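Asks: Below: one structure in structure tokens.
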Amino acid sequence: MTERAAAVPLADRGYLTERGFRAWATTLDHKRIGVMYLFTTLFFFLVGGLFAIVIRLKLMTPGPGFISDHTYNVFFTIHGALMIFIFVIPAIPSSLGNFFIPLLIGARDVAFPRLNLFSYWLFVAGICVVFGSLLNPMDTGWTFYAPYSTRTAAAVTVLAFGLFMTGMSTILTGLNFVVTIHKLRAPGMTWYRMPLFIWAMYATSIINVLATPVIGITFLLLAAERLFGIGFFDPAKGGDPLLFQHFFWFYSHPVVYVMILPAMGIISEVIPVFARKPIFGYKAIAYSALAIAFISFLVWGHHMFVSGMSTVAGVIFSFLTFFVAVPTGIKIFNWIATLYKGSIHLDSPMLYALTFIFHFIIGGLTGMFLGALGTDVHVHDTYFLVGHFHYTIMGGTIMGLFAGLHYWFPKMTGRLLDELRAKLAWLFIIVGFNVTFFPMFILGYLGMPRRYAEYPPRFQTLHIVSTVGSWVLTIGIAIMFLNFLRCMRKGQPAPANPWRALTLEWQTASPPATDNFETIPTVTTWPYGYGKKGDAGE
Amino acid sequence: MSSRPPEPSLAPAGAPEKARLGIWTFLATEVLLFGGLFTAYTVFRIAHPAQFHSDYLQLNRLFGALNTVVLICSSLSVAIGIAAIRQGKERALQRCLIITLLLAAAFLGIKYLEWSDHFAHGIYPRTSIFFALYYTMTGLHALHVMAGMGALTTMLVLARRGKFSAEYSTPVEITGIYWHFVDLVWIYLFPLLYLIG
Ligand code: HEM
Ligand SMILES: [Cu+2]
């Protein structure tokens, strides 16, 4: 790899011109707020990942290890809670969404810039409270199941308040996006001319606004229970632990779509650009996002098949779960149809987008095993499940996030990434990921339960394979992040539209000026007219 | 860069509509927040009908009814205030805001008397599921009343500074919508807790 000479300074640093802590901390610019979210959430991705590495190290040996069983419980709780609440849920919406929604719809900012800044600081304050709970760390798993969570000595109440605050921040961001998308679209941008990322973010925001308050009230009830000795969820006091699970999953199932829909939105942007073809089935993809958002509110019971719910309810939930797979399948079908006979350019964003599809098919199909009442009884709470959700979240959402980061890096920083290093990182990541997580399906099928620090020795070989995979994965992620950090300062200056894409964010400078556009564009067509005459790529 | 002519898409005429959509979206969130409590109420009521009945008899319907009247009056006075400012009557708006605030304070005062009465009789949140729900639901509602009072006070300060006129009254209208919502929640709480045995 040839080292480039000293960094070329950018002609115009656009929205990045102003420097200093104050200029960032008090900014009302959606792009800066998006960047702050991005750094915050990615930082916690790395922290959460560190815990995962330790968990995997412990699992190399079946017997007692270098951390106690209690520490193990604490570690997987922190790992899960950080990854879910502080990383994935806000990662794409609050960072890339904040940055790109106004740019993609041709607006100068979000609808309520002050509220936007407030949500960011509320998010940070929430994280601080969450970290306050580490004085007496949680050991309940990220699901806080009652009645254990009502009785354990750990700082559940503090954690609940912290997550209440981050949840509130998510709600306000969602509200901001809903209003922005409704009211601030550029002249001529009808609903059917909106980029699909916007449809995805719209569906996501709706879920955030309608589902998050339910976990909010659940946390309040849990806190009240612990503070005042009430018995909402503790059966010993006349409470109902199943009610907790209903509440929890009424939120947490829709929220798995908060995690995946934004990534699907990114994929819908990346695929047509790098296949140089109009997206296939635009309306189907757009409406399937809304359909997913709607159906996702009806399937929460599939997490409770073995919790003592009635069989009839189980059958209904199982049926509805298969239903939610339909719009998901529609999307995958449409992406593949877009690829068909396209002129495919395998740049790094495209590699991640294709990886998303590959992993998500595996993650989605194994989800069908778990959604089917009969098989779930066998694989419930085993590593099969751990494999399933890592394939969807890590293999899906995170790959979508990486696709977005590589795709939009030139726009956000005004510099190009080093493609060779990006591809090298990708190679490590895809190999490492699959070596880490594929064995988990087999482990789970053979009966290895989740959340156990110790296990029968016959499972050891597969556990070792998985742990070695996690090292490869770590190397890949390290290369990727170092590449980001290096190219942020030293990358080649990027042109306004390096990928020759048609969406509005590429029609303005890289990096964009503080108010985004010289003049607000007037939109006359949808943004996916690739492969027509005059497209330089053909 | 700042001497650009204003563009149609960002013209301030859109602002009230934007704000309105914002507050209604926020209220959707609030509905789901209280919805969780109403769900819990339903579940426990079905599970323990006898206990709900005997506990309900211990509530003082007079307090509850009085508070209902107080809140409805306060909603009325906010509405009158908004109608007034739309016609440019600033003094009338200020007077209405003060009346609303006083009524809100009266609501909390009555609530305070009611709760201390319960405490005097040894009725606490942990006494039974019914009372746990009673305290949580009315407590969360009282927090919303306080938040509403904060917003109303801000509006009063702004009104005194002459910020509002027939042309511009968006924040007052938004606060009004929120206050009606707080009122509406109570209108559901009152029968659920005080009226149906
Ligand atoms: C960096 C690579 C990762 C590795 C090696 C890893 C490894 C693991 C392992 C081994 C467990 C099972 C612990 C047990 O059940 O005993 C686990 C649990 C979990 N992981 Fe990961 N993980 C990774 C990334 C992620 C990401 C990116 C997310 C989400 C965004 C995530 C979310 C979770 C959740 C929610 C749990 C369940 C925790 C619980 O049971 O309460 N993980 N992880
Ligand atoms: Cu689910």
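Lettering and numbering for the structure tokens are positional, with chains as A, B, ... in the shown order, residues counted from 1 in each chain, and ligands counted from 1 in the shown order.
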Show me, as JSON lines, the residues of chain A having an atom within 10 Å of chain B, each with the closest atom pair and its distance in Å, using only C-alpha atoms.
Replies:
```
{"residue": "A:Gly106", "atom": "CA", "partner": "B:Ser9", "partner_atom": "CA", "distance": 9.7}
{"residue": "A:Ala107", "atom": "CA", "partner": "B:Leu10", "partner_atom": "CA", "distance": 8.3}
{"residue": "A:Arg108", "atom": "CA", "partner": "B:Leu10", "partner_atom": "CA", "distance": 8.5}
{"residue": "A:Ala111", "atom": "CA", "partner": "B:Lys18", "partner_atom": "CA", "distance": 7.3}
{"residue": "A:Phe112", "atom": "CA", "partner": "B:Ala19", "partner_atom": "CA", "distance": 8.8}
{"residue": "A:Met168", "atom": "CA", "partner": "B:Thr29", "partner_atom": "CA", "distance": 9.9}
{"residue": "A:Ile171", "atom": "CA", "partner": "B:Thr29", "partner_atom": "CA", "distance": 7.8}
{"residue": "A:Leu172", "atom": "CA", "partner": "B:Phe26", "partner_atom": "CA", "distance": 8.0}
{"residue": "A:Gly174", "atom": "CA", "partner": "B:Thr25", "partner_atom": "CA", "distance": 9.3}
{"residue": "A:Leu175", "atom": "CA", "partner": "B:Thr25", "partner_atom": "CA", "distance": 6.2}
{"residue": "A:Asn176", "atom": "CA", "partner": "B:Gly22", "partner_atom": "CA", "distance": 7.3}
{"residue": "A:Phe177", "atom": "CA", "partner": "B:Gly22", "partner_atom": "CA", "distance": 9.7}
{"residue": "A:Val178", "atom": "CA", "partner": "B:Gly22", "partner_atom": "CA", "distance": 8.1}
{"residue": "A:Val179", "atom": "CA", "partner": "B:Gly22", "partner_atom": "CA", "distance": 6.1}
{"residue": "A:Thr180", "atom": "CA", "partner": "B:Lys18", "partner_atom": "CA", "distance": 8.2}
{"residue": "A:His182", "atom": "CA", "partner": "B:Lys18", "partner_atom": "CA", "distance": 8.5}
{"residue": "A:Lys183", "atom": "CA", "partner": "B:Lys18", "partner_atom": "CA", "distance": 6.5}
{"residue": "A:Leu184", "atom": "CA", "partner": "B:Ser9", "partner_atom": "CA", "distance": 6.7}
{"residue": "A:Arg185", "atom": "CA", "partner": "B:Ser9", "partner_atom": "CA", "distance": 7.6}
{"residue": "A:Ala186", "atom": "CA", "partner": "B:Ser9", "partner_atom": "CA", "distance": 6.4}
{"residue": "A:Pro187", "atom": "CA", "partner": "B:Ser9", "partner_atom": "CA", "distance": 6.6}
{"residue": "A:Ile206", "atom": "CA", "partner": "B:Thr25", "partner_atom": "CA", "distance": 9.1}
{"residue": "A:Asn208", "atom": "CA", "partner": "B:Thr29", "partner_atom": "CA", "distance": 9.0}
{"residue": "A:Val209", "atom": "CA", "partner": "B:Thr29", "partner_atom": "CA", "distance": 5.6}
{"residue": "A:Leu210", "atom": "CA", "partner": "B:Thr29", "partner_atom": "CA", "distance": 5.5}
{"residue": "A:Ala211", "atom": "CA", "partner": "B:Leu32", "partner_atom": "CA", "distance": 7.5}
{"residue": "A:Thr212", "atom": "CA", "partner": "B:Thr29", "partner_atom": "CA", "distance": 7.9}
{"residue": "A:Pro213", "atom": "CA", "partner": "B:Leu33", "partner_atom": "CA", "distance": 4.7}
{"residue": "A:Val214", "atom": "CA", "partner": "B:Leu33", "partner_atom": "CA", "distance": 5.5}
{"residue": "A:Ile215", "atom": "CA", "partner": "B:Leu33", "partner_atom": "CA", "distance": 8.4}
{"residue": "A:Gly216", "atom": "CA", "partner": "B:Leu33", "partner_atom": "CA", "distance": 6.9}
{"residue": "A:Ile217", "atom": "CA", "partner": "B:Leu33", "partner_atom": "CA", "distance": 5.7}
{"residue": "A:Thr218", "atom": "CA", "partner": "B:Gly36", "partner_atom": "CA", "distance": 7.5}
{"residue": "A:Leu220", "atom": "CA", "partner": "B:Thr136", "partner_atom": "CA", "distance": 9.1}
{"residue": "A:Leu221", "atom": "CA", "partner": "B:Thr136", "partner_atom": "CA", "distance": 8.0}
{"residue": "A:Ala224", "atom": "CA", "partner": "B:Thr136", "partner_atom": "CA", "distance": 7.9}
{"residue": "A:Glu225", "atom": "CA", "partner": "B:Arg126", "partner_atom": "CA", "distance": 8.6}
{"residue": "A:Phe228", "atom": "CA", "partner": "B:Arg126", "partner_atom": "CA", "distance": 6.5}
{"residue": "A:Gly229", "atom": "CA", "partner": "B:Arg126", "partner_atom": "CA", "distance": 5.7}
{"residue": "A:Ile230", "atom": "CA", "partner": "B:Arg126", "partner_atom": "CA", "distance": 4.5}
{"residue": "A:Gly231", "atom": "CA", "partner": "B:Ile129", "partner_atom": "CA", "distance": 6.8}
{"residue": "A:Phe232", "atom": "CA", "partner": "B:Ile129", "partner_atom": "CA", "distance": 6.8}
{"residue": "A:Lys237", "atom": "CA", "partner": "B:Ile129", "partner_atom": "CA", "distance": 8.6}
{"residue": "A:Gly238", "atom": "CA", "partner": "B:Ile129", "partner_atom": "CA", "distance": 7.4}
{"residue": "A:Gly239", "atom": "CA", "partner": "B:Ile129", "partner_atom": "CA", "distance": 7.6}
{"residue": "A:Asp240", "atom": "CA", "partner": "B:Phe44", "partner_atom": "CA", "distance": 8.5}
{"residue": "A:Leu243", "atom": "CA", "partner": "B:Ala40", "partner_atom": "CA", "distance": 7.6}
{"residue": "A:Phe244", "atom": "CA", "partner": "B:Ala40", "partner_atom": "CA", "distance": 9.6}
{"residue": "A:Phe247", "atom": "CA", "partner": "B:Gly36", "partner_atom": "CA", "distance": 7.5}
{"residue": "A:Asp515", "atom": "CA", "partner": "B:Met1", "partner_atom": "CA", "distance": 9.3}
{"residue": "A:Glu518", "atom": "CA", "partner": "B:Met1", "partner_atom": "CA", "distance": 8.8}
{"residue": "A:Thr519", "atom": "CA", "partner": "B:Glu7", "partner_atom": "CA", "distance": 8.3}
{"residue": "A:Ile520", "atom": "CA", "partner": "B:Glu7", "partner_atom": "CA", "distance": 7.5}
```
Asks: Give me the residues near region 61-68 of chain B as a list of chain:residue names, where near means some atom within 6 Å (using only C-alpha atoms) and where sequence neighbours in that chain fewer than 3 positions away do not count.
Replies: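 That gives B:Leu71, B:Phe107, B:Tyr194.
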Asks: Skipping near chain neighbours, those fewer than 5 positions away, what residues fall within 9 Å of Asp183 (chain B) using only C-alpha atoms, listed as a VMD selection string?
Replies: chain B and resid 68 71 to 72 74 to 75 145 178
Asks: The selected residues should be written to file as a PDB file, in the first residue's frame (atoms: C-alpha atoms).
Replies:
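Saved result, out_6.pdb, follows:
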```
ATOM      1  CA  THR B  68     -62.997  16.794  38.155  1.00  0.00           C
ATOM      2  CA  LEU B  71     -59.928  20.578  36.053  1.00  0.00           C
ATOM      3  CA  ILE B  72     -62.792  21.023  33.627  1.00  0.00           C
ATOM      4  CA  SER B  74     -59.321  25.079  34.090  1.00  0.00           C
ATOM      5  CA  SER B  75     -59.617  23.639  30.587  1.00  0.00           C
ATOM      6  CA  VAL B 145     -50.296  18.622  36.074  1.00  0.00           C
ATOM      7  CA  TYR B 178     -51.358  19.765  26.269  1.00  0.00           C
TER       8      TYR B 178
END
```
Asks: How many Å separate CA of Lys31 (chain A) from CA of Asn116 (chain A)?
Replies: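 Atom-to-atom, CA of Lys31 (chain A) and CA of Asn116 (chain A) are spaced 10.8 Å apart.
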Asks: Using only C-alpha atoms and all ligand atoms, what are the residues with an atom within 6 Å of ligand 2, set out as a list in words?
Replies: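 After applying the 6 Å limit, what remains is His253, Trp300 and His303 of chain A.
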Asks: With distances taken over only C-alpha atoms and all ligand atoms, which of A:Thr525, A:Thr41, A:Ser510, A:Thr166 is nearest to ligand 1?
Replies: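 Under the stated criterion, the closest residue is A:Thr41.
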Asks: With a distance cut-off of 10 Å and only C-alpha atoms, select the neighbouring residues of Leu57 (chain A), excluding the residue or stretch itself and same-chain residues fewer than 2 positions from it, and output the selection as a list in words.
Replies: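 Close residues of Leu57 (chain A): Phe51, Ala52, Ile53, Val54, Ile55, Leu59, Met60, Thr61, Gly65, Phe66, Ile67, His463, Ile464, Ser466, Thr467, Val468, Ser470 and Trp471 of chain A.
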Asks: Name the residues, by chain letter and number, that sit within 7 Å of ligand 1 using only C-alpha atoms and all ligand atoms, and give them as a PyMOL selection string.
Replies: chain A and resi 45+49+52-53+55-56+76-77+79-81+83-84+87-88+141-143+386+390+393-394+398+436+450-453+470+474
Asks: If you keep C-alpha atoms, can you produce a file of those selected residues as a PDB file, in the first residue's frame?
Replies:
```pdb
ATOM      1  CA  PHE A  45     -20.287  -0.110  20.374  1.00  0.00           C
ATOM      2  CA  GLY A  49     -17.694  -5.178  22.089  1.00  0.00           C
ATOM      3  CA  ALA A  52     -18.241  -9.466  24.328  1.00  0.00           C
ATOM      4  CA  ILE A  53     -14.590 -10.330  23.864  1.00  0.00           C
ATOM      5  CA  ILE A  55     -17.417 -13.200  27.502  1.00  0.00           C
ATOM      6  CA  ARG A  56     -16.051 -15.179  24.570  1.00  0.00           C
ATOM      7  CA  PHE A  76     -23.467 -10.249  29.522  1.00  0.00           C
ATOM      8  CA  THR A  77     -26.011  -7.879  31.030  1.00  0.00           C
ATOM      9  CA  HIS A  79     -22.936  -6.176  26.933  1.00  0.00           C
ATOM     10  CA  GLY A  80     -26.579  -6.663  25.978  1.00  0.00           C
ATOM     11  CA  ALA A  81     -27.938  -3.501  27.593  1.00  0.00           C
ATOM     12  CA  MET A  83     -25.486  -2.757  22.695  1.00  0.00           C
ATOM     13  CA  ILE A  84     -29.271  -2.591  22.565  1.00  0.00           C
ATOM     14  CA  PHE A  87     -25.859   1.579  20.601  1.00  0.00           C
ATOM     15  CA  VAL A  88     -28.206  -0.048  18.078  1.00  0.00           C
ATOM     16  CA  GLY A 141     -29.788  -9.735  31.556  1.00  0.00           C
ATOM     17  CA  TRP A 142     -30.888  -6.862  29.388  1.00  0.00           C
ATOM     18  CA  THR A 143     -34.491  -8.051  29.676  1.00  0.00           C
ATOM     19  CA  VAL A 386     -28.085 -16.007  20.343  1.00  0.00           C
ATOM     20  CA  HIS A 390     -26.567 -11.702  16.205  1.00  0.00           C
ATOM     21  CA  ILE A 393     -28.469  -7.339  14.472  1.00  0.00           C
ATOM     22  CA  MET A 394     -24.729  -7.661  14.106  1.00  0.00           C
ATOM     23  CA  ILE A 398     -24.427  -3.315  11.874  1.00  0.00           C
ATOM     24  CA  THR A 436     -18.035 -16.521  15.555  1.00  0.00           C
ATOM     25  CA  ARG A 450     -27.754 -19.019  26.694  1.00  0.00           C
ATOM     26  CA  ARG A 451     -26.534 -16.968  29.658  1.00  0.00           C
ATOM     27  CA  TYR A 452     -24.536 -19.848  31.166  1.00  0.00           C
ATOM     28  CA  ALA A 453     -20.934 -19.327  32.231  1.00  0.00           C
ATOM     29  CA  SER A 470     -14.385 -13.189  17.601  1.00  0.00           C
ATOM     30  CA  THR A 474     -12.129  -7.713  16.260  1.00  0.00           C
TER      31      THR A 474
END
```
Asks: Between A:Lys58, A:His302, A:Lys423, A:Arg32, which residue has the minimum interatomic distance to Tyr352 (chain A), considering only C-alpha atoms?
Replies: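 That would be A:Lys423, the residue with the smallest distance to Tyr352 (chain A).
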Asks: Quick one: everything within 6 Å of region 492-501 of chain A, counting only C-alpha atoms, minus sequence neighbours fewer than 2 positions away in the same chain. Send it as JSON, numbers by chain.
Replies: {"A": [273, 410, 414, 415, 416, 503, 506, 509, 510]}
Asks: Go ahead and compute the interatomic distance for CA of Met155 (chain B) and CA of Thr100 (chain B), in Å to one decimal.
Replies: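 Separating CA of Met155 (chain B) from CA of Thr100 (chain B) is a distance of 11.5 Å.
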Asks: Counting only C-alpha atoms, which residue out of A:Val379, A:Ile362, A:Met259, A:Ile198 sits closest to Ile86 (chain A)?
Replies: A:Met259
Asks: Show which residues sit within 7 Å of Ile99 (chain B), as a PyMOL selection string. Count only C-alpha atoms, and ignore same-chain residues fewer than 4 positions away.
Replies: chain B and resi 77+95+103
Asks: For CA of Phe428 (chain A) and CA of Leu473 (chain A), determine how far apart the two atoms are, in Å to one decimal place.
Replies: 6.0 Å
Asks: Please determine, counting only C-alpha atoms, which residue among B:Ala50, B:Ala142, B:Cys96, B:Leu113 has the shortest atom-to-atom distance to Val185 (chain B).
Replies: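 Residue with the minimum atom-to-atom distance to Val185 (chain B): B:Ala142.
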Asks: Within 10 Å of region 308-322 of chain A, counting only C-alpha atoms, which residues qualify if same-chain residues fewer than 6 places away don't, as a PyMOL selection string?
Replies: chain A and resi 242+246+295-296+298-302+367-368+370-374+376
Asks: Filtering to N, CA and C atoms, could you give me those residues as a PDB file, in the first residue's frame?
Replies:
```pdb
ATOM      1  N   LEU A 242     -45.995 -12.236  34.381  1.00  0.00           N
ATOM      2  CA  LEU A 242     -46.279 -12.296  32.944  1.00  0.00           C
ATOM      3  C   LEU A 242     -46.603 -10.917  32.394  1.00  0.00           C
ATOM      4  N   HIS A 246     -45.257  -9.136  29.043  1.00  0.00           N
ATOM      5  CA  HIS A 246     -46.089  -8.558  27.982  1.00  0.00           C
ATOM      6  C   HIS A 246     -45.670  -7.120  27.704  1.00  0.00           C
ATOM      7  N   ILE A 295     -47.296  -4.403  11.715  1.00  0.00           N
ATOM      8  CA  ILE A 295     -47.421  -5.786  12.193  1.00  0.00           C
ATOM      9  C   ILE A 295     -46.522  -6.018  13.409  1.00  0.00           C
ATOM     10  N   SER A 296     -45.403  -5.274  13.466  1.00  0.00           N
ATOM     11  CA  SER A 296     -44.476  -5.528  14.570  1.00  0.00           C
ATOM     12  C   SER A 296     -45.128  -5.302  15.931  1.00  0.00           C
ATOM     13  N   LEU A 298     -47.914  -6.483  16.759  1.00  0.00           N
ATOM     14  CA  LEU A 298     -48.884  -7.553  17.034  1.00  0.00           C
ATOM     15  C   LEU A 298     -48.243  -8.896  17.343  1.00  0.00           C
ATOM     16  N   VAL A 299     -46.941  -8.962  17.416  1.00  0.00           N
ATOM     17  CA  VAL A 299     -46.315 -10.284  17.470  1.00  0.00           C
ATOM     18  C   VAL A 299     -45.515 -10.519  18.746  1.00  0.00           C
ATOM     19  N   TRP A 300     -45.619  -9.598  19.726  1.00  0.00           N
ATOM     20  CA  TRP A 300     -44.696  -9.674  20.857  1.00  0.00           C
ATOM     21  C   TRP A 300     -44.758 -11.007  21.602  1.00  0.00           C
ATOM     22  N   GLY A 301     -45.918 -11.676  21.514  1.00  0.00           N
ATOM     23  CA  GLY A 301     -46.074 -12.903  22.295  1.00  0.00           C
ATOM     24  C   GLY A 301     -45.128 -14.022  21.910  1.00  0.00           C
ATOM     25  N   HIS A 302     -44.450 -13.913  20.729  1.00  0.00           N
ATOM     26  CA  HIS A 302     -43.577 -15.024  20.355  1.00  0.00           C
ATOM     27  C   HIS A 302     -42.350 -15.125  21.257  1.00  0.00           C
ATOM     28  N   GLY A 367     -35.091 -17.074  12.327  1.00  0.00           N
ATOM     29  CA  GLY A 367     -36.181 -16.466  13.086  1.00  0.00           C
ATOM     30  C   GLY A 367     -37.485 -17.222  12.896  1.00  0.00           C
ATOM     31  N   MET A 368     -37.639 -17.794  11.711  1.00  0.00           N
ATOM     32  CA  MET A 368     -38.840 -18.596  11.464  1.00  0.00           C
ATOM     33  C   MET A 368     -38.864 -19.840  12.359  1.00  0.00           C
ATOM     34  N   LEU A 370     -37.670 -19.956  15.273  1.00  0.00           N
ATOM     35  CA  LEU A 370     -37.996 -19.494  16.618  1.00  0.00           C
ATOM     36  C   LEU A 370     -39.444 -19.029  16.711  1.00  0.00           C
ATOM     37  N   GLY A 371     -39.995 -18.577  15.568  1.00  0.00           N
ATOM     38  CA  GLY A 371     -41.367 -18.093  15.600  1.00  0.00           C
ATOM     39  C   GLY A 371     -42.383 -19.221  15.544  1.00  0.00           C
ATOM     40  N   ALA A 372     -41.926 -20.405  15.118  1.00  0.00           N
ATOM     41  CA  ALA A 372     -42.836 -21.537  15.058  1.00  0.00           C
ATOM     42  C   ALA A 372     -42.945 -22.148  16.454  1.00  0.00           C
ATOM     43  N   LEU A 373     -44.161 -22.207  16.917  1.00  0.00           N
ATOM     44  CA  LEU A 373     -44.423 -22.651  18.285  1.00  0.00           C
ATOM     45  C   LEU A 373     -43.666 -23.932  18.623  1.00  0.00           C
ATOM     46  N   GLY A 374     -43.759 -24.937  17.749  1.00  0.00           N
ATOM     47  CA  GLY A 374     -43.192 -26.243  18.061  1.00  0.00           C
ATOM     48  C   GLY A 374     -41.688 -26.220  18.189  1.00  0.00           C
ATOM     49  N   ASP A 376     -39.734 -23.713  18.571  1.00  0.00           N
ATOM     50  CA  ASP A 376     -39.207 -22.780  19.571  1.00  0.00           C
ATOM     51  C   ASP A 376     -39.083 -23.445  20.931  1.00  0.00           C
TER      52      ASP A 376
END
```
Asks: Looking only at alpha helix (DSSP H) from DSSP on the backbone, list the matching residues of region 3-135 of chain B as a PyMOL selection string.
Replies: chain B and resi 15-47+49-56+61-86+90-120+129-135
